[in-house]
file model.csv (CSV, C-alpha atoms)
chain,number,residue,atom,x,y,z
U,193,MET,CA,-23.6,21.3,-13.7
U,194,PRO,CA,-23.0,18.4,-11.4
U,195,VAL,CA,-26.3,16.7,-12.1
U,196,GLY,CA,-27.5,16.9,-15.6
U,197,ALA,CA,-30.2,15.9,-18.0
U,198,ALA,CA,-29.8,12.8,-20.1
U,199,GLN,CA,-27.8,13.2,-23.3
U,200,ALA,CA,-28.4,11.6,-26.7
U,201,ALA,CA,-27.2,8.0,-27.5
U,202,PRO,CA,-25.8,6.8,-24.3
U,203,GLN,CA,-23.6,3.7,-24.4
U,204,TYR,CA,-24.3,1.2,-21.6
U,205,SER,CA,-22.6,-1.8,-20.0
U,206,LEU,CA,-24.5,-5.0,-20.0
U,207,TRP,CA,-27.0,-5.5,-17.2
U,208,TYR,CA,-25.4,-7.3,-14.2
U,209,LEU,CA,-27.2,-9.1,-11.4
U,210,TYR,CA,-26.8,-8.6,-7.6
U,211,ASN,CA,-28.6,-10.5,-4.8
U,212,ALA,CA,-29.7,-8.6,-1.7
U,213,GLY,CA,-31.5,-11.0,0.6
U,214,SER,CA,-34.4,-12.6,-1.3
U,215,VAL,CA,-34.5,-9.9,-4.0
U,216,GLN,CA,-32.3,-9.9,-7.1
U,217,TYR,CA,-31.4,-6.6,-8.7
U,218,ALA,CA,-30.1,-5.7,-12.1
U,219,HIS,CA,-27.7,-2.8,-12.6
U,220,ARG,CA,-25.7,-1.1,-15.3
U,221,SER,CA,-23.4,2.0,-16.0
U,222,GLY,CA,-23.6,4.3,-19.0
U,223,ILE,CA,-21.8,7.2,-20.7
U,224,SER,CA,-22.7,9.7,-23.4
U,225,VAL,CA,-21.1,12.9,-24.9
U,226,ASP,CA,-22.8,16.0,-26.3
U,227,SER,CA,-21.0,19.1,-27.4
U,228,GLY,CA,-17.9,18.2,-25.3
U,229,ALA,CA,-19.9,17.5,-22.1
U,230,HIS,CA,-20.0,14.0,-20.8
U,231,THR,CA,-22.9,12.4,-18.9
U,232,ALA,CA,-22.5,9.3,-16.7
U,233,TYR,CA,-25.5,7.1,-15.9
U,234,ALA,CA,-26.4,4.7,-13.1
U,235,GLU,CA,-29.4,2.4,-13.4
U,236,VAL,CA,-30.8,-0.2,-11.0
U,237,ARG,CA,-34.0,-2.2,-10.8
U,238,ARG,CA,-35.4,-5.5,-9.6
U,239,SER,CA,-34.4,-8.2,-12.2
U,240,ASN,CA,-38.1,-9.2,-12.6
U,241,PHE,CA,-39.1,-5.6,-13.4
U,242,SER,CA,-41.4,-5.4,-10.4
U,243,THR,CA,-42.0,-2.1,-8.7
U,244,SER,CA,-39.7,-1.3,-5.8
U,245,PRO,CA,-41.1,0.6,-2.7
U,246,ILE,CA,-40.1,4.1,-1.9
U,247,ASN,CA,-36.4,4.5,-1.1
U,248,TRP,CA,-35.4,0.9,-1.8
U,249,LEU,CA,-33.2,1.8,-4.8
U,250,GLY,CA,-30.1,4.0,-4.5
U,251,ALA,CA,-27.9,4.9,-7.4
U,252,ASN,CA,-24.7,7.0,-7.7
U,253,ALA,CA,-23.5,8.0,-11.2
U,254,ARG,CA,-19.8,8.5,-11.3
U,255,LEU,CA,-18.0,10.2,-14.2
U,256,TYR,CA,-14.3,9.3,-14.7
U,257,TYR,CA,-11.5,10.6,-16.9
U,258,GLY,CA,-8.6,8.1,-16.8
U,259,THR,CA,-8.4,6.9,-13.2
U,260,ALA,CA,-9.7,10.1,-11.5
U,261,MET,CA,-13.3,10.7,-10.7
U,262,CYS,CA,-14.5,13.9,-12.4
U,263,LYS,CA,-18.0,14.2,-11.0
U,264,GLN,CA,-20.6,12.1,-9.1
U,265,SER,CA,-24.3,12.6,-8.6
U,266,GLY,CA,-24.0,11.4,-5.0
U,267,ILE,CA,-26.4,8.7,-3.9
U,268,ILE,CA,-30.0,9.2,-5.1
U,269,TYR,CA,-32.8,7.0,-3.8
U,270,ASN,CA,-36.2,6.5,-5.5
U,271,GLY,CA,-38.4,9.1,-3.8
U,272,PHE,CA,-41.5,7.2,-5.0
U,273,ALA,CA,-42.4,3.6,-5.9
U,274,ARG,CA,-40.9,2.8,-9.3
U,275,VAL,CA,-39.4,0.0,-11.4
U,276,THR,CA,-36.0,1.6,-12.3
U,277,GLN,CA,-33.9,4.2,-10.4
U,278,VAL,CA,-31.7,6.4,-12.6
U,279,ALA,CA,-29.0,8.8,-11.5
U,280,THR,CA,-26.9,11.0,-13.9
U,281,THR,CA,-24.1,13.4,-13.6
U,282,SER,CA,-22.7,15.7,-16.4
U,283,TYR,CA,-19.7,17.9,-16.9
U,284,GLY,CA,-17.5,19.3,-19.6
U,285,GLY,CA,-14.7,21.0,-17.9
U,286,CYS,CA,-12.8,18.4,-15.8
U,287,ALA,CA,-9.7,17.4,-17.9
U,288,THR,CA,-8.7,15.5,-21.0
U,289,GLY,CA,-8.8,11.7,-20.9
U,290,ASN,CA,-10.8,8.7,-21.7
U,291,ALA,CA,-14.3,9.3,-20.3
U,292,TYR,CA,-16.5,6.5,-18.9
U,293,GLY,CA,-19.1,5.8,-16.2
U,294,TRP,CA,-18.6,3.5,-13.2
U,295,ALA,CA,-21.6,3.6,-10.9
U,296,SER,CA,-22.2,2.5,-7.3
U,297,PHE,CA,-25.5,1.4,-5.7
U,298,ARG,CA,-27.4,0.8,-2.5
U,299,VAL,CA,-30.5,-1.5,-2.3
U,300,TYR,CA,-32.8,-2.5,0.5
U,301,ASN,CA,-32.8,-6.1,1.5
U,302,GLY,CA,-35.8,-6.0,3.8
U,303,GLY,CA,-33.8,-5.3,7.0
U,304,GLY,CA,-31.1,-2.9,5.8
U,305,TYR,CA,-29.2,-1.8,2.8
U,306,ASN,CA,-26.5,-3.6,0.7
U,307,SER,CA,-23.9,-1.4,-1.0
U,308,PHE,CA,-22.1,-2.6,-4.1
U,309,THR,CA,-20.1,-1.2,-7.1
U,310,GLY,CA,-21.3,-1.4,-10.6
U,311,VAL,CA,-19.2,-2.1,-13.7
U,312,GLN,CA,-17.4,0.1,-16.2
U,313,SER,CA,-19.4,1.5,-19.1
U,314,PRO,CA,-18.0,1.5,-22.6
U,315,LEU,CA,-15.1,3.9,-23.0
U,316,LEU,CA,-15.6,7.1,-25.0
U,317,ASP,CA,-12.2,7.4,-26.6
U,318,ASP,CA,-13.0,10.7,-28.2
U,319,PRO,CA,-10.1,12.4,-30.1
U,320,SER,CA,-10.6,15.5,-28.1
U,321,PHE,CA,-10.1,13.6,-24.8
U,322,ALA,CA,-7.1,11.5,-25.9
U,323,ALA,CA,-4.3,12.7,-23.6
U,324,LEU,CA,-5.0,10.5,-20.5
U,325,LYS,CA,-5.7,6.8,-20.7
U,326,THR,CA,-7.3,4.4,-18.2
U,327,SER,CA,-4.7,2.4,-16.3
U,328,GLY,CA,-7.0,0.7,-13.8
U,329,ALA,CA,-6.8,0.6,-10.0
U,330,PRO,CA,-3.5,-0.5,-8.4
U,331,ASP,CA,-3.4,-4.0,-6.8
U,332,GLN,CA,-2.4,-2.3,-3.5
U,333,PHE,CA,-3.1,1.2,-2.5
U,334,GLU,CA,-0.3,3.5,-1.3
U,335,THR,CA,-0.3,4.7,2.3
U,336,ASN,CA,0.6,8.3,3.3
U,337,GLU,CA,2.5,9.4,6.4
U,338,ARG,CA,-0.7,9.6,8.4
U,339,GLY,CA,-1.5,5.9,7.6
U,340,LEU,CA,-4.3,6.7,5.2
U,341,THR,CA,-4.6,4.7,1.9
U,342,TYR,CA,-5.0,6.7,-1.3
U,343,GLY,CA,-5.6,6.0,-4.9
U,344,SER,CA,-8.2,5.5,-7.6
U,345,ALA,CA,-11.6,3.9,-6.8
U,346,VAL,CA,-11.7,2.4,-10.3
U,347,GLY,CA,-12.0,-1.4,-10.2
U,348,ALA,CA,-12.6,-1.7,-6.5
U,349,ALA,CA,-14.5,-4.9,-5.8
U,350,SER,CA,-16.9,-3.2,-3.4
U,351,PRO,CA,-17.3,0.2,-1.8
U,352,ALA,CA,-15.6,-1.1,1.3
U,353,ALA,CA,-12.5,-1.9,-0.8
U,354,GLU,CA,-12.0,1.7,-2.0
U,355,PRO,CA,-9.1,3.7,-0.5
U,356,GLN,CA,-9.7,6.2,2.3
U,357,LEU,CA,-8.6,9.1,0.0
U,358,ILE,CA,-10.1,8.7,-3.5
U,359,GLU,CA,-8.5,10.3,-6.6
U,360,VAL,CA,-10.7,13.1,-8.0
U,361,ILE,CA,-10.5,16.1,-10.3
U,362,ALA,CA,-11.3,19.2,-8.3
U,363,ASN,CA,-13.5,22.0,-9.6
U,364,ASN,CA,-10.4,24.0,-10.5
U,365,GLY,CA,-9.1,21.1,-12.7
U,366,LYS,CA,-6.4,19.9,-10.3
U,367,VAL,CA,-6.1,16.2,-9.6
U,368,GLY,CA,-6.1,15.4,-5.9
U,369,TYR,CA,-7.9,13.3,-3.3
U,370,ALA,CA,-11.2,13.5,-1.5
U,371,TYR,CA,-12.1,11.6,1.7
U,372,LYS,CA,-14.2,8.6,0.9
U,373,SER,CA,-16.3,9.3,4.0
U,374,ALA,CA,-17.3,12.7,2.5
U,375,LEU,CA,-18.0,11.2,-1.0
U,376,ASP,CA,-20.1,8.5,0.6
U,377,GLU,CA,-22.6,11.0,2.2
U,378,GLY,CA,-26.0,9.3,2.5
U,379,THR,CA,-24.7,5.7,2.4
U,380,ASP,CA,-24.9,5.1,6.2
U,381,LEU,CA,-28.7,5.3,6.4
U,382,LYS,CA,-30.4,2.2,7.8
U,383,THR,CA,-34.1,2.4,6.9
U,384,PRO,CA,-36.2,3.8,4.0
U,385,GLU,CA,-37.7,6.3,6.6
U,386,GLU,CA,-34.2,7.7,7.4
U,387,VAL,CA,-33.5,7.9,3.6
U,388,GLY,CA,-36.7,9.9,3.1
U,389,ALA,CA,-35.8,12.4,5.8
U,390,TRP,CA,-32.3,12.8,4.6
U,391,GLN,CA,-33.3,13.4,1.0
U,392,ALA,CA,-35.8,16.0,2.0
U,393,SER,CA,-33.0,17.8,4.0
U,394,LYS,CA,-30.6,17.7,1.0
U,395,ARG,CA,-32.9,19.0,-1.7
U,396,GLY,CA,-31.3,22.0,-3.4
U,397,LYS,CA,-28.2,22.0,-1.2
U,398,PRO,CA,-25.0,20.9,-3.0
U,399,THR,CA,-22.3,19.4,-1.0
U,400,VAL,CA,-18.8,21.0,-1.4
U,401,ILE,CA,-16.0,18.6,-0.4
U,402,PRO,CA,-12.4,19.6,0.1
U,403,VAL,CA,-9.8,18.1,-2.2
U,404,TYR,CA,-6.2,17.5,-0.9
U,405,LEU,CA,-2.8,16.3,-1.9
U,406,SER,CA,-2.2,12.7,-1.0
U,407,ASP,CA,-1.2,13.7,2.5
U,408,GLY,CA,-4.9,14.3,3.2
U,409,SER,CA,-4.3,17.7,4.8
U,410,THR,CA,-2.9,20.1,2.1
U,411,LYS,CA,-6.0,21.5,0.5
U,412,ILE,CA,-5.8,22.2,-3.3
U,413,GLY,CA,-9.5,22.7,-4.3
U,414,THR,CA,-13.0,21.5,-3.9
U,415,PHE,CA,-15.3,18.8,-5.4
U,416,THR,CA,-19.1,19.5,-5.6
U,417,HIS,CA,-22.0,17.0,-5.9
U,418,HIS,CA,-25.7,17.0,-5.2
U,419,PRO,CA,-26.6,13.9,-3.1
U,420,GLY,CA,-30.2,13.1,-2.6
U,421,VAL,CA,-31.5,15.2,-5.6
U,422,SER,CA,-33.4,12.9,-7.9
U,423,THR,CA,-33.1,13.7,-11.6
U,424,LYS,CA,-35.7,11.3,-13.0
call {"tool": "encode", "arguments": {"input": "model.csv", "output": "structure tokens"}}
result
Amino acid sequence: MPVGAAQAAPQYSLWYLYNAGSVQYAHRSGISVDSGAHTAYAEVRRSNFSTSPINWLGANARLYYGTAMCKQSGIIYNGFARVTQVATTSYGGCATGNAYGWASFRVYNGGGYNSFTGVQSPLLDDPSFAALKTSGAPDQFETNERGLTYGSAVGAASPAAEPQLIEVIANNGKVGYAYKSALDEGTDLKTPEEVGAWQASKRGKPTVIPVYLSDGSTKIGTFTHHPGVSTK
């Protein structure tokens, strides 16, 4: 299931701070494992623990094995006023490797939204997932014959720094690339009102994204997520 319930004993990164206009936000990434299924967590809140208005907080939980993204929740905004927005995504059938979470976020600055990447959660170096190890993002992405950059989104300094084709594990277990523009659904909205309308339209409707070879045109599978569907 692309969006799952919280698992026991998650391991989190430290809280990190991000300034958006006059508001300071705290964020962290997490990971847990239960019966072979891993869950990635994304959490964001105001650093002073005050309540954020509706649709000011956006979180996208991303689950990784090695350098490839296995699943993501898609961006999930707070549908009602709350202190902390949490997004989770769970899966147990992607591949072998070193599982961890690496979240991304969007927060309202009073006049628009700021997008930023989180930090890596602790690694779950489980013996049953020991075949593939994290190598980190390359210093420079490769470019295909169509002029599109491709590679892992791991370690990108910001969402804008990610390649145009992001390394993912398709639903059929094959490693390929999905267009960043498709993975980023819901991150181009300008106001909380636009966010509310978009989330209402997405409820219960998973998004199926094509997965390609590095050429960006040879389809090898699909990647599914549920953007806009709040789990907590």
call {"tool": "closest_residue", "arguments": {"input": "model.csv", "among": "U:Val236, U:Ala201, U:Val299, U:Ile412", "to": "U:Gln277", "atoms": "all atoms listed in the file"}}
result
U:Val236
call {"tool": "residues_near_point", "arguments": {"input": "model.csv", "point": "(-35.9, -4.1, -14.4)", "cutoff": "8 Å", "atoms": "only C-alpha atoms", "output": "VMD selection string"}}
result
chain U and resid 217 to 218 236 to 242 275 to 276
call {"tool": "write_last_selection", "arguments": {"input": "model.csv", "atoms": "C-alpha atoms", "output": "CSV table (one decimal), keeping the file's coordinate frame"}}
result
chain,number,residue,atom,x,y,z
U,217,TYR,CA,-31.4,-6.6,-8.7
U,218,ALA,CA,-30.1,-5.7,-12.1
U,236,VAL,CA,-30.8,-0.2,-11.0
U,237,ARG,CA,-34.0,-2.2,-10.8
U,238,ARG,CA,-35.4,-5.5,-9.6
U,239,SER,CA,-34.4,-8.2,-12.2
U,240,ASN,CA,-38.1,-9.2,-12.6
U,241,PHE,CA,-39.1,-5.6,-13.4
U,242,SER,CA,-41.4,-5.4,-10.4
U,275,VAL,CA,-39.4,0.0,-11.4
U,276,THR,CA,-36.0,1.6,-12.3
call {"tool": "closest_residue", "arguments": {"input": "model.csv", "among": "U:Gly388, U:Pro314, U:Gly303, U:Gly396", "to": "U:Tyr269", "atoms": "all atoms listed in the file"}}
result
U:Gly388
call {"tool": "atom_distance", "arguments": {"input": "model.csv", "atom1": "atom CA of U:Pro402", "atom2": "atom CA of U:Val311"}}
result
26.6 Å
call {"tool": "atom_distance", "arguments": {"input": "model.csv", "atom1": "atom CA of U:Ala362", "atom2": "atom CA of U:Ala291"}}
result
15.8 Å
call {"tool": "residues_around", "arguments": {"input": "model.csv", "residues": "U:Ser265", "least_positions_apart": "2", "cutoff": "7 Å", "atoms": "only C-alpha atoms", "output": "MDAnalysis selection string"}}
result
chainID U and resid 194:195 252:254 263 267 279:281 417:419
call {"tool": "closest_residue", "arguments": {"input": "model.csv", "among": "U:Ala345, U:Ile268, U:Ala295, U:Leu249", "to": "U:Arg220", "atoms": "only C-alpha atoms"}}
result
U:Ala295
call {"tool": "closest_residue", "arguments": {"input": "model.csv", "among": "U:Gly368, U:Gly266, U:Gly339, U:Gly213", "to": "U:Asn306", "atoms": "all atoms listed in the file"}}
result
U:Gly213
call {"tool": "atom_distance", "arguments": {"input": "model.csv", "atom1": "atom CA of U:Glu354", "atom2": "atom CA of U:Leu255"}}
result
16.0 Å
call {"tool": "residues_around", "arguments": {"input": "model.csv", "residues": "U:Asn363", "least_positions_apart": "2", "cutoff": "7 Å", "atoms": "all atoms listed in the file", "output": "PyMOL selection string"}}
result
chain U and resi 361+365+413-415
call {"tool": "closest_residue", "arguments": {"input": "model.csv", "among": "U:Asn270, U:Tyr292, U:Asn336, U:Met261", "to": "U:Lys366", "atoms": "only C-alpha atoms"}}
result
U:Met261
call {"tool": "residues_around", "arguments": {"input": "model.csv", "residues": "U:Ile358", "least_positions_apart": "3", "cutoff": "9 Å", "atoms": "only C-alpha atoms", "output": "VMD selection string"}}
result
chain U and resid 260 to 261 341 to 345 354 to 355 368 to 372 375
call {"tool": "write_last_selection", "arguments": {"input": "model.csv", "atoms": "C-alpha atoms", "output": "CSV table (one decimal), in the coordinates of the input"}}
result
chain,number,residue,atom,x,y,z
U,260,ALA,CA,-9.7,10.1,-11.5
U,261,MET,CA,-13.3,10.7,-10.7
U,341,THR,CA,-4.6,4.7,1.9
U,342,TYR,CA,-5.0,6.7,-1.3
U,343,GLY,CA,-5.6,6.0,-4.9
U,344,SER,CA,-8.2,5.5,-7.6
U,345,ALA,CA,-11.6,3.9,-6.8
U,354,GLU,CA,-12.0,1.7,-2.0
U,355,PRO,CA,-9.1,3.7,-0.5
U,368,GLY,CA,-6.1,15.4,-5.9
U,369,TYR,CA,-7.9,13.3,-3.3
U,370,ALA,CA,-11.2,13.5,-1.5
U,371,TYR,CA,-12.1,11.6,1.7
U,372,LYS,CA,-14.2,8.6,0.9
U,375,LEU,CA,-18.0,11.2,-1.0
call {"tool": "closest_residue", "arguments": {"input": "model.csv", "among": "U:Thr416, U:Ser409, U:Asn364, U:Ala348", "to": "U:Phe308", "atoms": "all atoms listed in the file"}}
result
U:Ala348
call {"tool": "residues_around", "arguments": {"input": "model.csv", "residues": "U:Ser373", "least_positions_apart": "6", "cutoff": "10 Å", "atoms": "all atoms listed in the file", "output": "number ranges by chain"}}
result
U: 356-358, 379-380
call {"tool": "residues_around", "arguments": {"input": "model.csv", "residues": "U:Ile246", "least_positions_apart": "2", "cutoff": "10 Å", "atoms": "all atoms listed in the file", "output": "PyMOL selection string"}}
result
chain U and resi 243-244+248-249+269-274+384-385+387-388
